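Report on the following structure.
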Amino acid sequence: MAPILEMRDITKKFPGVLANDHVNLDLNKGEIHALVGENGAGKSTLMNVLFGIYQQEEGQVFYKGDPLNIDNPNDAIDLGIGMVHQHFMLVPPLTVAENIILGEEPTTGFGNLNLSKAIKKIENLSQEYGLNVDPRAKIEDISVGMQQRVEILKALYREAEVLILDEPTAVLTPQEVKGLYKIMNTLVDQGKSIIFITHKLDEVLTVSKRVTVLRDGKSIGTVKTADTSKTELAEMMVGREVVLQVDKTPAEREEVKVEVDNLTADNDRGMPALSGVSFKIHGGEILGVAGVEGNGQTELVEVLTGLRKAKAGSFSLEGQSLFNESAREIKEAKVAHIPEDRHKHGLVLDYTIEDNLILGYHYQAPFAEGINLNFNALDKHAQRLIPEYDIRPRNKNALARSLSGGNQQKIIVAREFDLDPEFLVASQPTRGVDIGAIEFIHKRIIEQRDAGKAVLLVSAELSEIMSLSDRIAVMYEGEIVDIVDANKTTEEEIGLLMTGGKAEQTS
Amino acid sequence: MEFLTAIFDLGTLRSTLRMATPLMLAAIGGIFSERSGVINIALEGMMLAGAFIAVAISSFTGSAWLGLLGAIVFSGLFALIHAVVSIRYHADQVVSGVALNMLAAGGTVFLLNIFFNTSGTSPSVNALPYWGIFKPTVYLALLIVGVSYYVLYYTSFGLRVRSTGEHPHAADSVGINVNKIRYICVILSGMLAGIAGTHLSLGVLDSFREGMTAGRGFIALAAMIFGKWHPFGALGASLLFGFFQAIQIRLQGVLPIPNAFIQMLPYIFTVIALAGAIGRATPPAASGEPFEKGKR
Amino acid sequence: MPEDINVKNILKELLIPLLAIVSSFIIGAIILLSSGYDPVATYMSLFQGAFGSLNSVANTLLQATPLIFTGLAVAIAFRAGLFNIGGEGQLLVGGLAAAWVGTWEGMPMVIHLPLTITVAMLAGALWIAIPAVLKAKLGVHEVITTIMFNYIAYSFTAYYSLKVLAKPGNIQTPNIEPSAYLWRFSNIIDMYSYLNLGFIIALVVIGIIYYLLWKTTIGYEIRAVGINPNAAEYGGINSTKNIILALLISGALAGLGGAERALGLFHNYRSGFSAGYGFTGIAVALLGRNHPVGVFLAALLFGALANGRTYMNMMAGVPVDLVNILQAVIILFVAADLLFRRLLAMGSEGRKE
Amino acid sequence: DQQQEAKDQQAKEGLKVGIVLSSGGKGDKSFNDSALRGLDRAKEEGIIADYKYIEPKQVSAVEKGLRFLAKRDYDLVIGVGFMQHDAVKKVSSNFSDTNFAIIDSVVKNDNVASLTFKEHEGSFLAGALAALMTTHEEVKGINQQQVVGFLGGMDVPLIHKFELGYTSGVKYINKTEGTNVNVKIAYAGNTPAAFNNPAKGKEIALAQYGAGADIIYHASGGTGGGLFKAAKKTGHYAIGVDSDQDWVEPGHILTSMQKRVDNAVYKIVKKLKNDNFTTGLKVYGLKEGGVALTSLSGLGPMTKIAKDLGDISEEGITKIKEMKARIPDEVKEKIKEIRQKIIAGEIKVPNYLKQNK
Ligand SMILES: Nc1ncnc2c1ncn2[C@@H]1O[C@H](COP(=O)(O)OP(=O)(O)OP(=O)(O)O)[C@@H](O)[C@H]1O
Ligand SMILES: Nc1ncnc2c1ncn2[C@@H]1O[C@H](COP(=O)(O)OP(=O)(O)OP(=O)(O)O)[C@@H](O)[C@H]1O
Ligand SMILES: [Mg+2]
Ligand SMILES: [Mg+2]
């Protein structure tokens with residue numbers, strides 16, 4: 001069977017990055033084709049090329065055998081390609097129906113919107129594919145899962161034959177994920193084809209027919225799902241032995257250092273995000289937090305580091321209450337924080353390496369004397385940390401913006417670890433970081449533990465959690481469903497817990 | 001009781017409507033611009049430019065209607081500067097607006113010197129005729145409010161405008177040409193401000209006077225915010241501010257409040273509205289941000 | 001830590017403003033030609049008016065002085081990621097406050113002058129306090145609120161100066177006491193210009209603001225908030241506090257500009273007190289890349305334009321409003337610096353190929 | 001020596017006068033234009049060789065302009081407007097050999113002639129005329145109500161001087177004629193922009209006409225342009241100010257309270273030419289012809305000029321003549337009488353600026 005869509009030798013460059021390097025991909029009719037690869041491998045870029053948001057420098061897209069130029073999303077839409085973006089492309093104050101018809105509005109002369117016609121069509125589509133959305137609701141009022149179904153409807157409304165789903169499951173609850181599978185299957189039954197991007201190999205194995213693996217912007221290969229395994233896929237993705245083996249001596253647990261009790265907090269939208277989270281961390285112990293993104297991990301970290309006010313509960317470090325203290329006071333109590341999003345929180349990108357290395361400590365001795373900055377101290381600090389943490393380039397006056405992601409992360413790690421913290425909160429510490437840097441950071445985290453510090457490690461990468469943690473807390477819908485011993489558990493068990501499985505099992 | 005009789009008569013209402021006219025026109029212009037994502041603090045300048053061009057054209061052609069038309073076209077072109085600078089060249093929209101206001105203030109007087117050899121008031125020219133009790137611009141303004149409401153909420157163009165100002169990348173992802181929409185809206189805002197200026201120079205009067213907009217562009221901005229970027233809201237706010245001015249004229253010497261304080265009212269109300277005391281006024285999410293494709 | 005000071009960087013920083021200035025003068029020349037004036041003669045007289053004699057130079061500096069203050073006011077707010085369009089109102093209120101306190105009698109200069117200046121700065125700060133708090137606490141856009149406060153200031157200062165402070169029948173507030181005078185250079189140099197100590201204060205303030213922004217933790221925090229408020233918050237930097245602080249400093253600087261006009265130039269408050277200094281300050285800050293030294297250079301340019309235009313008008317007969325047009329075009333070009341960046345990039349690529 | 005030469009050269013060529021205008025600039029159709037007209041006349045008559053005018057755009061540019069002129073050996077440097085008081089005082093002290101004149105303010109320097117006007121006297125006449133006319137219902141455009149209006153520009157003392165003169169004139173008529181004429185008063189604003197806001201001026205005027213006024217006097221610079229439009233629209237009357245504005249809206253501007261700045265300027269220039277220039281205070285009241293209403297029966301000076309220039313149509317002239325003819329003779333007589341009484345000192349017109357001191 002000839003593929004409905006082929007991408008041949010696609011090359012796409014960004015300043016300083018070869019995001020796609022002669023990538024090949026072909027998609028058959030009625031197929032769910034998984035696209036996998038580590039963060040930054042080039043998946044989204046490839047799809048954006050296909051959808052006309054980016055233009056490739058080299059290579060060609062063929063649709064039903066014909067070569068095409070897709071210059072903008074309109075071209076793609078006209079060809080029957082629909083895309084559900086990793087970051088939703090919905091306009092919050094508009095209704096579902098308005099979002100769906102945007103750009104393809106049904107009109108009755110003079111550009112007069114025919115909303116009732118649209119709503120009818122949407123209701124029909126929604127029924128046909130079991131999507132269950134209310135066309136009149138405003139986007140800002142509906143759940144993330146519903147928003148995603150709106151995105152899918154948007155593509156269906158445009159009569160998409162090929163549907164690109166970029167990491168659709170990252171934000172979904174397990175039930176919603178199951179619902180999505182059902183929808184995807186309905187779609188392919190109706191003859192549509194789907195490109196499905198995910199980081200979760202289980203999902204790949206569950207729904208896809210074939211898998212294409214990208215690594216560092218190159219296509220490593222395409223395999224039939226039936227003929228492959230998780231280990232093989234992981235190896236293709238990473239390019240070597242899968243499980244990140246970390247040299248780790250058994251934990252030497254000391255006294256309890258961190259006590260968190262009954263934390264309750266809301267998210268940015270005022271919805272409950274944490275409900276009664278409790279745990280203890282001993283000195284010399286790493287507590288991993290596993291969970292599907294969006295189950296309260298972000299809010300937990302923010303509460304513990306002073307970036308978010310909790311509504312109730314308690315949090316203390318070595319008996320000193322830090323509950324709802326400011327970020328500054330928490331830092332002063334020797335809590336270090338590697339933030340989830342380094343661009344948003346960890347760095348001032350237009351500051352130099354030297355300046356970033358004192359962020360949060362800039363007002364303390366020796367960096368400050370009264371209100372004056374002590375440039376000698378700043379210089380010494382930078383000259384010491386840059387080689388110690390292998391930050392490249394070795395120029396303290398380079399702007400953080402000009403560094404690669406891994407080196408940016410090293411600035412944060414250097415700064416936070418140099419504080420000699422008592423409690424280290426590390427959130428997605430290796431996201432978007434290359435392998436070498438990952439190992440480096442992992443080693444440093446273990447060093448902290450071995451020095452008797454308490455570590456809270458939050459990560460979306462289960463393998464990271466598994467290999468570093470001493471105990472693992474699993475979060476689901478704002479609660480810790482269980483805390484298990486890392487040595488006595490399996491990925492399967494954690495995976496089950498992450499989907500709220502425990503509750504199902506025990507009840 | 002004297003002040004009550006001073007306020008409530010038909011004359012006050014007419015006066016309110018006349019004074020609200022330039023405000024609502026410019027405010028609607030502001031709504032289009034900001035709804036599409038471009039802050040426009042140059043309404044004042046665009047209005048002034050329109051007022052001048054209308055007089056100049058009426059003077060040379062003898063036709064006030066051509067003056068109105070010319071003001072619409074010219075102010076649209078004037079707004080195009082703002083559009084190019086802030087859309088194409090990603091300039092800070094506030095800075096561009098400040099510059100345009102300066103350009104209009106300086107440019108109109110410069111041209112007043114060149115065309116009419118004076119730096120105060122232009123000669124009298126043919127003005128717009130009365131249509132019943134008002135000048136055509138008053139009816140036009142009311143019509144434009146209604147049409148704008150319809151366009152923004154009941155047409156595909158309006159839907160696109162609203163999406164562009166809230167989430168340009170979403171609009172882009174469904175194939176909408178974000179910058180084209182923005183160009184159209186900014187030019188439209190200039191054209192509407194041009195009508196507002198013409199209302200002053202050829203509607204209310206028959207000549208141009210240096211600085212004759214006297215801050216009305218900024219009150220229009222206030223009306224736009226107070227009206228929460230909605231045409232009817234802007235209409236209501238414009239009428240309210242027009243009413244303030246109408247009663248302020250009538251209450252002078254009647255109430256023991258100094259004039260100066262009554263003149264501050266629209267501005268104080270706007271601050272209060274923004275502070276959320278009268279329901280929060282939140283601007284379109286993407287207004288002020290240049291759109292760069294592929295930027296995340 | 002401070003931005004790398006090397007010749008290449010400085011040239012790069014200067015290139016775009018210079019291109020903008022040159023382009024605006026070219027556009028100005030086109031306007032002049034098409035209006036029937038001689039651009040060369042016009043620009044010559046503009047230049048002569050600005051720098052033709054010791055007195056002219058002093059007057060250029062005198063014109064630049066309030067622009068240095070308002071330019072710094074805009075720049076420091078910019079550095080904190082904020083836009084203070086209300087410099088005009090803050091300057092007026094500051095000037096009014098100075099003109100009022102300046103009339104208090106019976107104080108020695110060492111107390112009176114500093115007191116007066118302090119009150120003016122406080123008044124300027126007060127005038128931005130509400131926009132600052134609204135911005136910091138509720139996220140209300142400061143552009144609109146500061147514009148609104150300009151208009152409130154127009155009415156307020158007019159009322160207060162004429163109806164409260166001025167003697168009945170006068171159009172200006174009573175003259176200040178000599179103990180509140182900013183000392184004038186004409187006391188020792190034979191010239192007419194009212195150039196006064198305010199200019200020296202402006203130079204000192206440039207130094208202070210530079211030091212504050214790049215050599216202190218306060219500046220570190222303000223700039224961090226300006227570049228990335230989230231990262232600042234993460235670093236334990238209280239963005240609410242810093243937003244308010246930066247805006248209060250901004251307002252105080254504009255108020256100080258008003259004090260210079262009241263205590264150095266006019267010796268009272270009167271209508272027409274400000275020639276749009278607050279608005280020109282935006283241009284000055286922008287042209288000066290929000291750097292204190294840049295602000296100084298830009299203020300000199302705008303001061304020279306404002307000073308030279310009278311002479312230009314008298315010698316070449318060109319309406320003074322040409323200068324407003326030039327200023328506006330300069331701002332547009334600087335704001336649209338991407339234009340020049342693209343042109344330059346095209347140029348250099350062309351060379352490579 | 002060169003300077004001397006230049007001076008000699010100049011002397012040969014004739015007198016040169018420099019003038020720094022007030023903020024309204026050239027073309028304000030009142031104050032500045034009037035001053036320039038005086039110089040134009042002097043130039044036409046060969047009294048002066050040439051003059052140079054400067055339009056300062058900001059307060060601080062005034063002094064610079066004066067100094068520029070003084071330095072270039074202009075024979076007479078004139079500052080227009082009370083705002084220039086400080087600047088003229090300062091510059092005239094620096095250039096003790098140059099002759100200066102200031103209009104509307106008093107500078108007590110040996111080389112300065114201070115030309116001031118008794119605006120209150122002229123305004124009194126305007127008030128009397130308005131009060132007399134508003135009771136003549138039979139005249140076209142006059143209603144039953146006994147109400148007249150006053151439109152001020154910026155709310156400043158000088159404008160109150162006009163207002164007080166005007167209201168005093170109305171009161172005088174009320175007292176002598178037993179009428180009960182009311183005055184509506186409104187100001188356009190608190191900032192200098194209040195002199196540049198004709199749209200608001202029109203609204204104010206319409207409000208006053210709506211409240212029963214049929215004659216409105218203004219002292220509001222460019223804002224008055226709106227008054228004239230309102231007068232035309234409603235068919236009522238306005239009274240112009242500063243210069244002869246009768247021709248601006250023919251048939252609706254009953255008269256204008258002229259400040260004969262042109263005469264004053266012309267006179268001192270002529271004196272300069274004749275070498276009998278004297279400094280010190282010169283007060284121009286009704287008596288000196290410094291303030292005057294435009295003719296109640298014929299055409300005013302600006303109207304004539306406008307007619308010569310073709311700025312006003314024949315039809316306009318007819319309209320003005322017809323309007324003037326409508327003014328009852330008894331009113332004209334009465335005004336003449338009052339004028340004489342003021343000149344003779346029988347009527348004391350209060351001066352707002354003096355009263356408060
Ligand atoms: N505009 C950009 N310029 C340079 N680098 C960028 C840009 N946008 C993203 N990156 C970098 O690209 C990498 C991947 O970015 P991307 O936005 O695709 O992550 P993501 O897909 O949002 O992550 P996740 O899978 O957790 O949602 C990151 O290291 C990020 O720092
Ligand atoms: N707009 C952009 N500008 C600059 N660089 C970009 C941009 N978008 C992506 N990149 C870079 O291209 C590379 C591939 O990014 P891409 O987003 O395609 O990765 P991905 O496979 O989708 O990663 P993830 O799993 O995190 O979503 C990254 O190194 C990223 O930094
Ligand atoms: Mg991606
Ligand atoms: Mg009457």
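If you're wondering about the labels, chains in the structure tokens are A, B, ... by order shown, residues count from 1 in each chain, ligands from 1 in order shown.
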ask   = Quick one: residues within 7 Å of segment 111-123 of chain C, only C-alpha atoms counted, chain neighbours fewer than 4 positions away excluded, as a list in words?
value =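 Everything that qualifies: Val93, Gly94, Gly95, Ala97, Ala98, Val101, Gly102, Met107, Trp127, Ser179, Ala180, Ala252, Leu253, Gly255, Leu256 and Ala259 of chain C.
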message = Just want the 8 Å neighbourhood of Lys52 of chain D, counted on only C-alpha atoms, with same-chain residues fewer than 2 positions away dropped. Output as a PyMOL selection string.
response = (chain C and resi 314) or (chain D and resi 16-19+50+54)
Output file for the selection above: N, CA, C and O atoms, as a short mmCIF file (atom, residue, chain, number, x, y, z; two decimals), in the first residue's frame:
```
data_model
loop_
_atom_site.label_atom_id
_atom_site.label_comp_id
_atom_site.auth_asym_id
_atom_site.auth_seq_id
_atom_site.Cartn_x
_atom_site.Cartn_y
_atom_site.Cartn_z
N MET C 314 14.13 81.90 13.24
CA MET C 314 14.39 83.31 13.00
C MET C 314 15.28 83.52 11.78
O MET C 314 15.09 84.45 11.01
N LYS D 16 14.17 99.02 12.29
CA LYS D 16 13.79 97.60 12.33
C LYS D 16 13.20 97.27 13.69
O LYS D 16 13.78 97.61 14.73
N VAL D 17 12.06 96.62 13.66
CA VAL D 17 11.37 96.29 14.90
C VAL D 17 11.26 94.77 15.03
O VAL D 17 10.99 94.08 14.05
N GLY D 18 11.51 94.30 16.23
CA GLY D 18 11.33 92.86 16.47
C GLY D 18 10.22 92.64 17.48
O GLY D 18 10.03 93.46 18.39
N ILE D 19 9.47 91.59 17.29
CA ILE D 19 8.35 91.35 18.20
C ILE D 19 8.27 89.86 18.54
O ILE D 19 8.42 89.00 17.68
N ASP D 50 11.43 97.23 8.27
CA ASP D 50 10.98 95.85 8.31
C ASP D 50 10.77 95.47 9.77
O ASP D 50 11.23 96.16 10.68
N ILE D 54 8.64 86.59 16.21
CA ILE D 54 9.08 85.29 16.73
C ILE D 54 7.91 84.66 17.47
O ILE D 54 7.22 85.33 18.23
#
```
Atom CA of Ile343 of chain D to atom CA of Asn276 of chain D, distance in Å rounded to a single decimal =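 Separating atom CA of Ile343 of chain D from atom CA of Asn276 of chain D is a distance of 26.1 Å.
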Residue neighbourhood segment 48-63 of chain A, 8 Å, only C-alpha atoms, exclusion window fewer than 5 positions, as a PyMOL selection string = (chain A and resi 4-13+22+68-77+81-83) or (chain B and resi 173+293-294)
Keeping only N, CA and C atoms, take the residues you just selected and write them out as a PDB file, in the first residue's frame.
```
ATOM      1  N   ILE A   4       0.048   7.376   2.421  1.00  0.00           N
ATOM      2  CA  ILE A   4      -0.741   8.570   2.110  1.00  0.00           C
ATOM      3  C   ILE A   4       0.140   9.800   2.189  1.00  0.00           C
ATOM      4  N   LEU A   5       1.145   9.721   3.066  1.00  0.00           N
ATOM      5  CA  LEU A   5       1.989  10.889   3.303  1.00  0.00           C
ATOM      6  C   LEU A   5       3.427  10.449   3.477  1.00  0.00           C
ATOM      7  N   GLU A   6       4.308  11.180   2.840  1.00  0.00           N
ATOM      8  CA  GLU A   6       5.731  10.858   2.991  1.00  0.00           C
ATOM      9  C   GLU A   6       6.514  12.130   3.232  1.00  0.00           C
ATOM     10  N   MET A   7       7.419  12.047   4.181  1.00  0.00           N
ATOM     11  CA  MET A   7       8.345  13.175   4.361  1.00  0.00           C
ATOM     12  C   MET A   7       9.733  12.642   4.063  1.00  0.00           C
ATOM     13  N   ARG A   8      10.398  13.289   3.119  1.00  0.00           N
ATOM     14  CA  ARG A   8      11.690  12.777   2.658  1.00  0.00           C
ATOM     15  C   ARG A   8      12.801  13.782   2.935  1.00  0.00           C
ATOM     16  N   ASP A   9      13.793  13.348   3.660  1.00  0.00           N
ATOM     17  CA  ASP A   9      15.012  14.154   3.844  1.00  0.00           C
ATOM     18  C   ASP A   9      14.736  15.568   4.349  1.00  0.00           C
ATOM     19  N   ILE A  10      13.837  15.633   5.281  1.00  0.00           N
ATOM     20  CA  ILE A  10      13.491  16.967   5.776  1.00  0.00           C
ATOM     21  C   ILE A  10      14.606  17.510   6.656  1.00  0.00           C
ATOM     22  N   THR A  11      15.051  18.705   6.326  1.00  0.00           N
ATOM     23  CA  THR A  11      16.070  19.360   7.142  1.00  0.00           C
ATOM     24  C   THR A  11      15.559  20.725   7.551  1.00  0.00           C
ATOM     25  N   LYS A  12      15.640  20.981   8.845  1.00  0.00           N
ATOM     26  CA  LYS A  12      15.184  22.274   9.367  1.00  0.00           C
ATOM     27  C   LYS A  12      16.189  22.764  10.395  1.00  0.00           C
ATOM     28  N   LYS A  13      16.675  23.961  10.164  1.00  0.00           N
ATOM     29  CA  LYS A  13      17.666  24.529  11.090  1.00  0.00           C
ATOM     30  C   LYS A  13      17.057  25.679  11.872  1.00  0.00           C
ATOM     31  N   HIS A  22      17.727  15.683   7.691  1.00  0.00           N
ATOM     32  CA  HIS A  22      17.348  14.667   6.704  1.00  0.00           C
ATOM     33  C   HIS A  22      16.452  13.594   7.299  1.00  0.00           C
ATOM     34  N   LEU A  68       4.638  18.257  -2.617  1.00  0.00           N
ATOM     35  CA  LEU A  68       3.865  19.419  -2.182  1.00  0.00           C
ATOM     36  C   LEU A  68       4.736  20.509  -1.617  1.00  0.00           C
ATOM     37  N   ASN A  69       4.235  21.720  -1.713  1.00  0.00           N
ATOM     38  CA  ASN A  69       4.828  22.791  -0.921  1.00  0.00           C
ATOM     39  C   ASN A  69       3.789  23.257   0.083  1.00  0.00           C
ATOM     40  N   ILE A  70       4.089  23.090   1.330  1.00  0.00           N
ATOM     41  CA  ILE A  70       3.154  23.546   2.351  1.00  0.00           C
ATOM     42  C   ILE A  70       3.758  24.786   2.991  1.00  0.00           C
ATOM     43  N   ASP A  71       3.208  25.906   2.635  1.00  0.00           N
ATOM     44  CA  ASP A  71       3.830  27.163   3.070  1.00  0.00           C
ATOM     45  C   ASP A  71       3.187  27.728   4.310  1.00  0.00           C
ATOM     46  N   ASN A  72       1.962  27.384   4.541  1.00  0.00           N
ATOM     47  CA  ASN A  72       1.320  27.867   5.756  1.00  0.00           C
ATOM     48  C   ASN A  72       0.224  26.902   6.148  1.00  0.00           C
ATOM     49  N   PRO A  73      -0.280  27.035   7.363  1.00  0.00           N
ATOM     50  CA  PRO A  73      -1.255  26.067   7.856  1.00  0.00           C
ATOM     51  C   PRO A  73      -2.450  25.927   6.927  1.00  0.00           C
ATOM     52  N   ASN A  74      -2.790  26.986   6.218  1.00  0.00           N
ATOM     53  CA  ASN A  74      -3.914  26.887   5.287  1.00  0.00           C
ATOM     54  C   ASN A  74      -3.708  25.787   4.264  1.00  0.00           C
ATOM     55  N   ASP A  75      -2.485  25.733   3.718  1.00  0.00           N
ATOM     56  CA  ASP A  75      -2.191  24.704   2.719  1.00  0.00           C
ATOM     57  C   ASP A  75      -2.401  23.332   3.320  1.00  0.00           C
ATOM     58  N   ALA A  76      -1.881  23.173   4.546  1.00  0.00           N
ATOM     59  CA  ALA A  76      -1.988  21.876   5.202  1.00  0.00           C
ATOM     60  C   ALA A  76      -3.450  21.526   5.431  1.00  0.00           C
ATOM     61  N   ILE A  77      -4.190  22.517   5.917  1.00  0.00           N
ATOM     62  CA  ILE A  77      -5.599  22.271   6.209  1.00  0.00           C
ATOM     63  C   ILE A  77      -6.331  21.897   4.923  1.00  0.00           C
ATOM     64  N   ILE A  81      -4.780  17.932   6.360  1.00  0.00           N
ATOM     65  CA  ILE A  81      -3.906  17.633   7.494  1.00  0.00           C
ATOM     66  C   ILE A  81      -4.367  18.469   8.683  1.00  0.00           C
ATOM     67  N   GLY A  82      -4.545  17.818   9.801  1.00  0.00           N
ATOM     68  CA  GLY A  82      -4.947  18.543  11.009  1.00  0.00           C
ATOM     69  C   GLY A  82      -3.927  18.308  12.096  1.00  0.00           C
ATOM     70  N   MET A  83      -3.767  19.310  12.966  1.00  0.00           N
ATOM     71  CA  MET A  83      -2.750  19.147  14.001  1.00  0.00           C
ATOM     72  C   MET A  83      -3.291  19.571  15.350  1.00  0.00           C
TER      73      MET A  83
ATOM     74  N   SER B 173      -2.239  29.293  13.591  1.00  0.00           N
ATOM     75  CA  SER B 173      -2.228  27.843  13.382  1.00  0.00           C
ATOM     76  C   SER B 173      -3.432  27.365  12.583  1.00  0.00           C
ATOM     77  N   LYS B 293       6.066  34.728  14.082  1.00  0.00           N
ATOM     78  CA  LYS B 293       5.763  33.344  13.759  1.00  0.00           C
ATOM     79  C   LYS B 293       6.820  32.439  14.379  1.00  0.00           C
ATOM     80  N   GLY B 294       6.355  31.334  14.939  1.00  0.00           N
ATOM     81  CA  GLY B 294       7.301  30.328  15.416  1.00  0.00           C
ATOM     82  C   GLY B 294       7.939  30.669  16.738  1.00  0.00           C
TER      83      GLY B 294
END
```
task = Write out as a list of chain:residue names the residues lying within 10 Å of Asn376 of chain A, counting only C-alpha atoms and excluding same-chain residues fewer than 5 positions away.
result =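 Near neighbours after the sequence-gap exclusion: A:Pro366, A:Phe367, A:His381, A:Ala382.
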Output the selection as a PDB file, in the first residue's frame - N, CA, C and O atoms for each residue.
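After the write, again10.pdb holds the following:
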```pdb
ATOM      1  N   PRO A 366      29.174  36.955  50.763  1.00  0.00           N
ATOM      2  CA  PRO A 366      30.106  38.052  50.488  1.00  0.00           C
ATOM      3  C   PRO A 366      29.724  38.849  49.249  1.00  0.00           C
ATOM      4  O   PRO A 366      30.443  39.757  48.872  1.00  0.00           O
ATOM      5  N   PHE A 367      28.607  38.493  48.597  1.00  0.00           N
ATOM      6  CA  PHE A 367      28.318  39.153  47.311  1.00  0.00           C
ATOM      7  C   PHE A 367      27.885  40.601  47.495  1.00  0.00           C
ATOM      8  O   PHE A 367      28.045  41.418  46.608  1.00  0.00           O
ATOM      9  N   HIS A 381      33.666  33.830  42.905  1.00  0.00           N
ATOM     10  CA  HIS A 381      32.603  32.837  42.900  1.00  0.00           C
ATOM     11  C   HIS A 381      32.479  32.221  41.509  1.00  0.00           C
ATOM     12  O   HIS A 381      32.484  30.991  41.337  1.00  0.00           O
ATOM     13  N   ALA A 382      32.412  33.056  40.505  1.00  0.00           N
ATOM     14  CA  ALA A 382      32.247  32.567  39.141  1.00  0.00           C
ATOM     15  C   ALA A 382      33.486  31.774  38.708  1.00  0.00           C
ATOM     16  O   ALA A 382      33.363  30.696  38.121  1.00  0.00           O
TER      17      ALA A 382
END
```
For the contact check between chain B and chain A, emit one row per residue of chain B within 9 Å, containing the shortest atom pair and the distance in Å rounded to one decimal, counting only C-alpha atoms, chain then rising number order, as JSON lines.
```
{"residue": "B:Tyr150", "atom": "CA", "partner": "A:Asn112", "partner_atom": "CA", "distance": 8.8}
{"residue": "B:Val151", "atom": "CA", "partner": "A:Asn112", "partner_atom": "CA", "distance": 8.1}
{"residue": "B:Tyr153", "atom": "CA", "partner": "A:Leu113", "partner_atom": "CA", "distance": 8.6}
{"residue": "B:Tyr154", "atom": "CA", "partner": "A:Leu113", "partner_atom": "CA", "distance": 5.4}
{"residue": "B:Thr155", "atom": "CA", "partner": "A:Asn112", "partner_atom": "CA", "distance": 4.4}
{"residue": "B:Ser156", "atom": "CA", "partner": "A:Leu113", "partner_atom": "CA", "distance": 5.5}
{"residue": "B:Phe157", "atom": "CA", "partner": "A:Gly111", "partner_atom": "CA", "distance": 6.9}
{"residue": "B:Leu159", "atom": "CA", "partner": "A:Leu102", "partner_atom": "CA", "distance": 7.1}
{"residue": "B:Arg160", "atom": "CA", "partner": "A:Leu102", "partner_atom": "CA", "distance": 6.8}
{"residue": "B:Arg162", "atom": "CA", "partner": "A:Leu94", "partner_atom": "CA", "distance": 8.4}
{"residue": "B:Ser163", "atom": "CA", "partner": "A:Val91", "partner_atom": "CA", "distance": 6.1}
{"residue": "B:Thr164", "atom": "CA", "partner": "A:Val91", "partner_atom": "CA", "distance": 8.8}
{"residue": "B:Glu166", "atom": "CA", "partner": "A:Val91", "partner_atom": "CA", "distance": 6.3}
{"residue": "B:His167", "atom": "CA", "partner": "A:Val91", "partner_atom": "CA", "distance": 5.6}
{"residue": "B:Pro168", "atom": "CA", "partner": "A:Val91", "partner_atom": "CA", "distance": 8.7}
{"residue": "B:His169", "atom": "CA", "partner": "A:Met89", "partner_atom": "CA", "distance": 6.8}
{"residue": "B:Ala170", "atom": "CA", "partner": "A:Met89", "partner_atom": "CA", "distance": 4.2}
{"residue": "B:Ala171", "atom": "CA", "partner": "A:Leu102", "partner_atom": "CA", "distance": 7.4}
{"residue": "B:Asp172", "atom": "CA", "partner": "A:Pro73", "partner_atom": "CA", "distance": 7.5}
{"residue": "B:Ser173", "atom": "CA", "partner": "A:Pro73", "partner_atom": "CA", "distance": 5.9}
{"residue": "B:Val174", "atom": "CA", "partner": "A:Gly103", "partner_atom": "CA", "distance": 5.6}
{"residue": "B:Gly175", "atom": "CA", "partner": "A:Asn74", "partner_atom": "CA", "distance": 4.4}
{"residue": "B:Ile176", "atom": "CA", "partner": "A:Gly103", "partner_atom": "CA", "distance": 5.8}
{"residue": "B:Lys293", "atom": "CA", "partner": "A:Ile53", "partner_atom": "CA", "distance": 7.7}
{"residue": "B:Gly294", "atom": "CA", "partner": "A:Ile53", "partner_atom": "CA", "distance": 7.0}
```
